[in-house]
Structure formats: C-alpha cells, structure tokens
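Okay, so here's the structure we're looking at.
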Amino acid sequence: MTKIGIILGSTRPGRNGEAVARWVHEVASGRTDAEFEIVDLLDYKLPVLDEAYPASLGNYTQPHTQAWAQKIASFDGYIIVTPEYNRSVPGALKNAIDFLYAEWNNKAVGFVAYGSLGGSRAVEHLRGIAGELHMADVRSQVALSLFTDFENFSVFKPADIQRETLVTTLDQVVAWSKALAPLRAS
C-alpha cells in the first residue's frame, strides 16, 4: 500500500500546525488508496545541520540523522504542512529537509500551508527545494488564511472549500506517488 507522510513543519510553541496536520490526517484517513501518518519534526529533535558530509553522499553519521532518514525513506510521498515565516519556510523545516537527499528522491509532495496570505510564499520556496531533491510537487495546494480559516488567529476552523482543495491535493499526491514507484524501485 502507498504510504504518505504528513510532515508537520513547525516546531514553534503554540503552533497552529498541529491542528492543521490532524485535520489533514482525519480527511486522509477516510481514503482506501493509501496509508497516512503524521510525522512531527518535534519528535526528531534535529539540531542545526551537523553532518560533515553533503546529504547527497548518504554518509549519515549522527544517530538523529539515521532515525530521520529511516522515517522519511519509509514513505512514497508527502504532504508538508507549513506556516509561512517572514515570506518563507520555517527554519526547522528547511533544516530537516536539508539533512537528507536520496530519501526524498522520486517521491510526490503536496503542500498545506497557512499564514496571512495562505502560506503561498513558503510553498513557492518549497517547490524549488522539492525540484532540487528530485521530488514531484503537485499543482494543487491548500492555502489557509489566518484571517478566514482561524478564529482569533489560533483556533483552526477551515472554510468548507478547503476540504475540497485538500481532497484534490491528496488525490494528486497519491496518484503521483504511485506513478513514481518504478523510479523508486530502480
């Protein structure tokens, strides 16, 4: 069965991403075409990148990197849940991505973002990063506004249309994850 990781890309105390990731998982869990698992960056306690060799060499020496690599390698595709910080990606998410290379290759990725402009600028940066890592980023994305999809900027209450957009994003990630399976097998 196709396995999709829902990566919670914020480690900030009081983060909105936890509720968003749970919502993604709840919607995804109703599907029968893939298995879904939340992967919380907080659970991996990754320091600022501390590997001596470039990730593309695959020579991971740190136990935390090896654990992170094993988890990421176990998936066929990803949904990245990310806030937008200062018109970009949270540092913890970028750092976690940079720890690895081959584990990301030939896998699909979709984005569920949130922020004052729906996290769109963070997603644009992530699309470039995904391309460098040989990931297939899907067109559909969920853009959650802090003004309309959160009450008082902190209680997650997505508009009905967001669920439809999420389903489309999940459809695309699952389809592309399956389509890329032969590349991962070689």
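Please note that chains go A, B, ... in the order of the structure tokens, that every chain numbers its residues from 1, and that ligands are numbered from 1 in the order shown.
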
Excluding Ile7 (chain A) and its own-chain neighbours fewer than 2 positions away, which residues fall within 8 Å of it when counting only C-alpha atoms? Please give them as a list of chain:residue names.
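So the residues in contact are A:Gly5, A:Gly9, A:Ala21, A:Ile38, A:Val39, A:Asp40, A:Leu41, A:Tyr78, A:Ile79, A:Ile80, A:Val81.
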
Would you mind exporting the chosen residues as a PDB file, in the first residue's frame, restricted to all heavy atoms?
```pdb
ATOM      1  N   GLY A   5       3.509  10.409   4.151  1.00  0.00           N
ATOM      2  CA  GLY A   5       3.834  11.081   5.402  1.00  0.00           C
ATOM      3  C   GLY A   5       3.268  12.492   5.399  1.00  0.00           C
ATOM      4  O   GLY A   5       3.415  13.225   4.418  1.00  0.00           O
ATOM      5  N   GLY A   9       5.598  20.789   9.771  1.00  0.00           N
ATOM      6  CA  GLY A   9       6.816  21.562   9.551  1.00  0.00           C
ATOM      7  C   GLY A   9       7.099  22.695  10.505  1.00  0.00           C
ATOM      8  O   GLY A   9       8.013  23.478  10.258  1.00  0.00           O
ATOM      9  N   ALA A  21      -2.396  19.659  10.789  1.00  0.00           N
ATOM     10  CA  ALA A  21      -1.924  18.306  10.457  1.00  0.00           C
ATOM     11  C   ALA A  21      -2.958  17.254  10.876  1.00  0.00           C
ATOM     12  O   ALA A  21      -3.182  16.279  10.139  1.00  0.00           O
ATOM     13  CB  ALA A  21      -0.574  18.036  11.114  1.00  0.00           C
ATOM     14  N   ILE A  38       1.181  11.031  10.465  1.00  0.00           N
ATOM     15  CA  ILE A  38       1.741  12.333  10.818  1.00  0.00           C
ATOM     16  C   ILE A  38       3.173  12.143  11.285  1.00  0.00           C
ATOM     17  O   ILE A  38       3.466  11.272  12.110  1.00  0.00           O
ATOM     18  CB  ILE A  38       0.903  13.033  11.908  1.00  0.00           C
ATOM     19  CG1 ILE A  38      -0.487  13.380  11.365  1.00  0.00           C
ATOM     20  CG2 ILE A  38       1.623  14.288  12.420  1.00  0.00           C
ATOM     21  CD1 ILE A  38      -1.428  13.986  12.385  1.00  0.00           C
ATOM     22  N   VAL A  39       4.071  12.962  10.750  1.00  0.00           N
ATOM     23  CA  VAL A  39       5.479  12.965  11.143  1.00  0.00           C
ATOM     24  C   VAL A  39       5.759  14.361  11.703  1.00  0.00           C
ATOM     25  O   VAL A  39       5.794  15.342  10.958  1.00  0.00           O
ATOM     26  CB  VAL A  39       6.406  12.673   9.945  1.00  0.00           C
ATOM     27  CG1 VAL A  39       7.861  12.695  10.371  1.00  0.00           C
ATOM     28  CG2 VAL A  39       6.040  11.353   9.291  1.00  0.00           C
ATOM     29  N   ASP A  40       5.931  14.442  13.007  1.00  0.00           N
ATOM     30  CA  ASP A  40       6.123  15.717  13.702  1.00  0.00           C
ATOM     31  C   ASP A  40       7.619  15.970  13.879  1.00  0.00           C
ATOM     32  O   ASP A  40       8.323  15.166  14.503  1.00  0.00           O
ATOM     33  CB  ASP A  40       5.424  15.651  15.061  1.00  0.00           C
ATOM     34  CG  ASP A  40       5.354  16.979  15.778  1.00  0.00           C
ATOM     35  OD1 ASP A  40       6.137  17.902  15.452  1.00  0.00           O
ATOM     36  OD2 ASP A  40       4.513  17.095  16.688  1.00  0.00           O
ATOM     37  N   LEU A  41       8.099  17.071  13.342  1.00  0.00           N
ATOM     38  CA  LEU A  41       9.527  17.394  13.469  1.00  0.00           C
ATOM     39  C   LEU A  41       9.974  17.447  14.925  1.00  0.00           C
ATOM     40  O   LEU A  41      11.128  17.131  15.226  1.00  0.00           O
ATOM     41  CB  LEU A  41       9.839  18.735  12.802  1.00  0.00           C
ATOM     42  CG  LEU A  41       9.716  18.815  11.290  1.00  0.00           C
ATOM     43  CD1 LEU A  41      10.183  20.180  10.801  1.00  0.00           C
ATOM     44  CD2 LEU A  41      10.477  17.709  10.609  1.00  0.00           C
ATOM     45  N   TYR A  78       4.584  12.698   0.265  1.00  0.00           N
ATOM     46  CA  TYR A  78       4.438  13.545   1.448  1.00  0.00           C
ATOM     47  C   TYR A  78       3.410  14.639   1.230  1.00  0.00           C
ATOM     48  O   TYR A  78       3.231  15.133   0.123  1.00  0.00           O
ATOM     49  CB  TYR A  78       5.772  14.234   1.793  1.00  0.00           C
ATOM     50  CG  TYR A  78       6.926  13.294   1.782  1.00  0.00           C
ATOM     51  CD1 TYR A  78       7.724  13.163   0.651  1.00  0.00           C
ATOM     52  CD2 TYR A  78       7.206  12.493   2.880  1.00  0.00           C
ATOM     53  CE1 TYR A  78       8.778  12.266   0.622  1.00  0.00           C
ATOM     54  CE2 TYR A  78       8.258  11.591   2.854  1.00  0.00           C
ATOM     55  CZ  TYR A  78       9.039  11.485   1.719  1.00  0.00           C
ATOM     56  OH  TYR A  78      10.068  10.585   1.687  1.00  0.00           O
ATOM     57  N   ILE A  79       2.792  15.024   2.320  1.00  0.00           N
ATOM     58  CA  ILE A  79       2.058  16.282   2.421  1.00  0.00           C
ATOM     59  C   ILE A  79       2.841  17.077   3.461  1.00  0.00           C
ATOM     60  O   ILE A  79       3.022  16.611   4.592  1.00  0.00           O
ATOM     61  CB  ILE A  79       0.605  16.080   2.921  1.00  0.00           C
ATOM     62  CG1 ILE A  79      -0.226  15.249   1.940  1.00  0.00           C
ATOM     63  CG2 ILE A  79      -0.044  17.434   3.202  1.00  0.00           C
ATOM     64  CD1 ILE A  79      -0.598  15.940   0.649  1.00  0.00           C
ATOM     65  N   ILE A  80       3.321  18.240   3.083  1.00  0.00           N
ATOM     66  CA  ILE A  80       4.044  19.080   4.041  1.00  0.00           C
ATOM     67  C   ILE A  80       3.092  20.162   4.530  1.00  0.00           C
ATOM     68  O   ILE A  80       2.544  20.930   3.734  1.00  0.00           O
ATOM     69  CB  ILE A  80       5.308  19.697   3.414  1.00  0.00           C
ATOM     70  CG1 ILE A  80       6.290  18.586   3.053  1.00  0.00           C
ATOM     71  CG2 ILE A  80       5.942  20.702   4.379  1.00  0.00           C
ATOM     72  CD1 ILE A  80       7.584  19.069   2.394  1.00  0.00           C
ATOM     73  N   VAL A  81       2.890  20.193   5.831  1.00  0.00           N
ATOM     74  CA  VAL A  81       2.081  21.217   6.486  1.00  0.00           C
ATOM     75  C   VAL A  81       3.051  22.279   6.997  1.00  0.00           C
ATOM     76  O   VAL A  81       3.913  21.989   7.832  1.00  0.00           O
ATOM     77  CB  VAL A  81       1.272  20.617   7.664  1.00  0.00           C
ATOM     78  CG1 VAL A  81       0.526  21.710   8.416  1.00  0.00           C
ATOM     79  CG2 VAL A  81       0.302  19.549   7.149  1.00  0.00           C
TER      80      VAL A  81
END
```

Got a sec to tell me which of chain A DSSP assigns to strand (DSSP E or B), as an MDAnalysis selection string?
chainID A and resid 3:8 35:40 77:83 85 88 108:115 136:145 150:151 155:156

So that I have them on file, write out the residues from the current selection with N, CA and C atoms, as a compact mmCIF listing (two decimals), in the first residue's frame.
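As written to disk, result-v9.txt reads:
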```txt
# COMPACT_ATOMS: atom_id res chain seq x y z
N LYS A 3 2.31 4.69 0.98
CA LYS A 3 2.40 5.35 2.29
C LYS A 3 2.75 6.83 2.09
N ILE A 4 1.96 7.68 2.71
CA ILE A 4 2.15 9.13 2.61
C ILE A 4 2.41 9.70 4.00
N GLY A 5 3.51 10.41 4.15
CA GLY A 5 3.83 11.08 5.40
C GLY A 5 3.27 12.49 5.40
N ILE A 6 2.62 12.86 6.47
CA ILE A 6 2.11 14.23 6.66
C ILE A 6 3.11 14.90 7.59
N ILE A 7 4.00 15.69 7.02
CA ILE A 7 5.09 16.30 7.79
C ILE A 7 4.63 17.60 8.41
N LEU A 8 4.66 17.66 9.72
CA LEU A 8 4.31 18.87 10.46
C LEU A 8 5.57 19.72 10.56
N GLU A 35 -2.04 4.80 2.90
CA GLU A 35 -1.95 4.94 4.35
C GLU A 35 -1.29 6.28 4.65
N PHE A 36 -1.72 6.91 5.73
CA PHE A 36 -1.21 8.23 6.08
C PHE A 36 -0.73 8.25 7.52
N GLU A 37 0.37 8.96 7.75
CA GLU A 37 0.96 9.06 9.08
C GLU A 37 1.48 10.47 9.30
N ILE A 38 1.18 11.03 10.47
CA ILE A 38 1.74 12.33 10.82
C ILE A 38 3.17 12.14 11.29
N VAL A 39 4.07 12.96 10.75
CA VAL A 39 5.48 12.97 11.14
C VAL A 39 5.76 14.36 11.70
N ASP A 40 5.93 14.44 13.01
CA ASP A 40 6.12 15.72 13.70
C ASP A 40 7.62 15.97 13.88
N GLY A 77 5.42 9.27 -0.59
CA GLY A 77 5.10 10.65 -0.89
C GLY A 77 4.81 11.39 0.41
N TYR A 78 4.58 12.70 0.27
CA TYR A 78 4.44 13.55 1.45
C TYR A 78 3.41 14.64 1.23
N ILE A 79 2.79 15.02 2.32
CA ILE A 79 2.06 16.28 2.42
C ILE A 79 2.84 17.08 3.46
N ILE A 80 3.32 18.24 3.08
CA ILE A 80 4.04 19.08 4.04
C ILE A 80 3.09 20.16 4.53
N VAL A 81 2.89 20.19 5.83
CA VAL A 81 2.08 21.22 6.49
C VAL A 81 3.05 22.28 7.00
N THR A 82 2.92 23.49 6.47
CA THR A 82 3.89 24.53 6.80
C THR A 82 3.25 25.89 7.03
N PRO A 83 3.75 26.60 8.03
CA PRO A 83 3.39 28.02 8.12
C PRO A 83 4.33 28.81 7.21
N TYR A 85 6.83 31.89 7.49
CA TYR A 85 7.55 32.79 8.40
C TYR A 85 8.38 33.75 7.56
N SER A 88 8.77 33.00 3.92
CA SER A 88 9.50 31.79 3.54
C SER A 88 9.12 30.62 4.42
N ALA A 108 6.39 12.03 -4.56
CA ALA A 108 5.48 13.16 -4.75
C ALA A 108 5.36 13.96 -3.46
N VAL A 109 5.07 15.24 -3.62
CA VAL A 109 4.86 16.09 -2.45
C VAL A 109 3.76 17.11 -2.76
N GLY A 110 2.91 17.31 -1.78
CA GLY A 110 1.88 18.33 -1.83
C GLY A 110 2.00 19.21 -0.60
N PHE A 111 1.36 20.36 -0.65
CA PHE A 111 1.54 21.33 0.43
C PHE A 111 0.21 21.82 0.99
N VAL A 112 0.18 21.92 2.31
CA VAL A 112 -0.91 22.55 3.04
C VAL A 112 -0.25 23.64 3.87
N ALA A 113 -0.52 24.88 3.51
CA ALA A 113 0.18 26.00 4.14
C ALA A 113 -0.80 26.95 4.80
N TYR A 114 -0.27 27.70 5.74
CA TYR A 114 -1.10 28.69 6.41
C TYR A 114 -0.28 29.93 6.73
N GLY A 115 -0.97 31.05 6.75
CA GLY A 115 -0.33 32.33 7.04
C GLY A 115 -1.26 33.45 6.63
N ALA A 136 8.42 15.29 -7.09
CA ALA A 136 7.38 15.79 -7.98
C ALA A 136 6.35 16.53 -7.14
N ASP A 137 6.37 17.86 -7.23
CA ASP A 137 5.39 18.64 -6.48
C ASP A 137 4.11 18.76 -7.29
N VAL A 138 3.00 18.49 -6.63
CA VAL A 138 1.71 18.52 -7.32
C VAL A 138 1.18 19.95 -7.39
N ARG A 139 0.33 20.18 -8.37
CA ARG A 139 -0.16 21.54 -8.62
C ARG A 139 -1.07 22.04 -7.50
N SER A 140 -2.02 21.21 -7.09
CA SER A 140 -2.99 21.63 -6.08
C SER A 140 -2.30 21.86 -4.74
N GLN A 141 -2.72 22.89 -4.04
CA GLN A 141 -2.22 23.14 -2.69
C GLN A 141 -3.32 23.77 -1.88
N VAL A 142 -3.26 23.56 -0.59
CA VAL A 142 -4.21 24.17 0.33
C VAL A 142 -3.55 25.41 0.92
N ALA A 143 -4.23 26.55 0.78
CA ALA A 143 -3.72 27.82 1.29
C ALA A 143 -4.70 28.34 2.35
N LEU A 144 -4.34 28.15 3.60
CA LEU A 144 -5.20 28.52 4.72
C LEU A 144 -4.85 29.92 5.22
N SER A 145 -5.85 30.76 5.29
CA SER A 145 -5.65 32.14 5.74
C SER A 145 -5.83 32.25 7.26
N PHE A 150 -8.99 30.60 10.60
CA PHE A 150 -8.66 30.50 12.03
C PHE A 150 -9.46 31.55 12.77
N GLU A 151 -9.98 31.19 13.92
CA GLU A 151 -10.67 32.14 14.78
C GLU A 151 -9.64 32.74 15.72
N VAL A 155 -7.49 29.37 16.52
CA VAL A 155 -8.40 28.23 16.58
C VAL A 155 -8.75 27.85 15.14
N PHE A 156 -8.32 26.67 14.73
CA PHE A 156 -8.47 26.26 13.34
C PHE A 156 -9.91 25.90 13.01
```

Those of region 36-184 of chain A in DSSP alpha helix (DSSP H), formatted as a ChimeraX atom specification
/A:63-73,91-98,120-132,160-179,181-184

Tell me, in Å to one decimal, how far CA of Gly128 (chain A) is from CA of Ile97 (chain A).
12.4 Å

List as a VMD selection string the protein and nucleic acid residues near Lys94 (chain A), meaning an atom at most 9 Å away when only C-alpha atoms are counted, but skip any in the same chain fewer than 5 places from it.
chain A and resid 9 89 99 126 129

Could you list, as a list in words, every residue within 10 Å of Arg31 (chain A), counting only C-alpha atoms and ignoring same-chain residues fewer than 6 positions away?
Val167, Leu170 and Asp171 of chain A

Written selection (N, CA, C and O atoms) as an mmCIF file, in the first residue's frame:
```
data_model
loop_
_atom_site.group_PDB
_atom_site.id
_atom_site.type_symbol
_atom_site.label_atom_id
_atom_site.label_comp_id
_atom_site.auth_asym_id
_atom_site.auth_seq_id
_atom_site.Cartn_x
_atom_site.Cartn_y
_atom_site.Cartn_z
ATOM 1 N N VAL A 167 -8.768 17.407 -0.615
ATOM 2 C CA VAL A 167 -9.040 16.131 -1.288
ATOM 3 C C VAL A 167 -8.356 16.106 -2.650
ATOM 4 O O VAL A 167 -7.746 15.100 -3.034
ATOM 5 N N LEU A 170 -4.658 15.593 -2.068
ATOM 6 C CA LEU A 170 -4.403 14.193 -1.705
ATOM 7 C C LEU A 170 -4.514 13.288 -2.926
ATOM 8 O O LEU A 170 -3.674 12.393 -3.119
ATOM 9 N N ASP A 171 -5.527 13.510 -3.761
ATOM 10 C CA ASP A 171 -5.678 12.734 -4.989
ATOM 11 C C ASP A 171 -4.403 12.805 -5.827
ATOM 12 O O ASP A 171 -3.904 11.788 -6.320
#
```

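Among the candidates A:Val123, A:Leu183, A:Ala67, A:Ile161, the residue lying nearest to Asn105 (chain A) is A:Leu183 (atoms considered: only C-alpha atoms).
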
Report, in Å with one decimal, the straight-line distance from CA of Ala96 (chain A) to CA of Ala175 (chain A).
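These atoms are spaced 25.2 Å apart.
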
Which residues come within 10 Å of Leu57 (chain A), counting only C-alpha atoms, excluding same-chain residues fewer than 3 positions away, as a PyMOL selection string?
chain A and resi 53-54+60+100-102

Quick one: of A:Thr148, A:Ser186, A:Ser154, A:Ser56, who's nearest to Glu18 (chain A), counting only C-alpha atoms?
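Checking each candidate against Glu18 (chain A), we get A:Ser154 as the closest.
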
Would you list the contacts of His64 (chain A) as a PyMOL selection string, taking every protein, DNA or RNA residue within 9 Å and counting only C-alpha atoms, but skipping same-chain residues closer than 2 positions in sequence?
chain A and resi 44-47+61-62+66-69
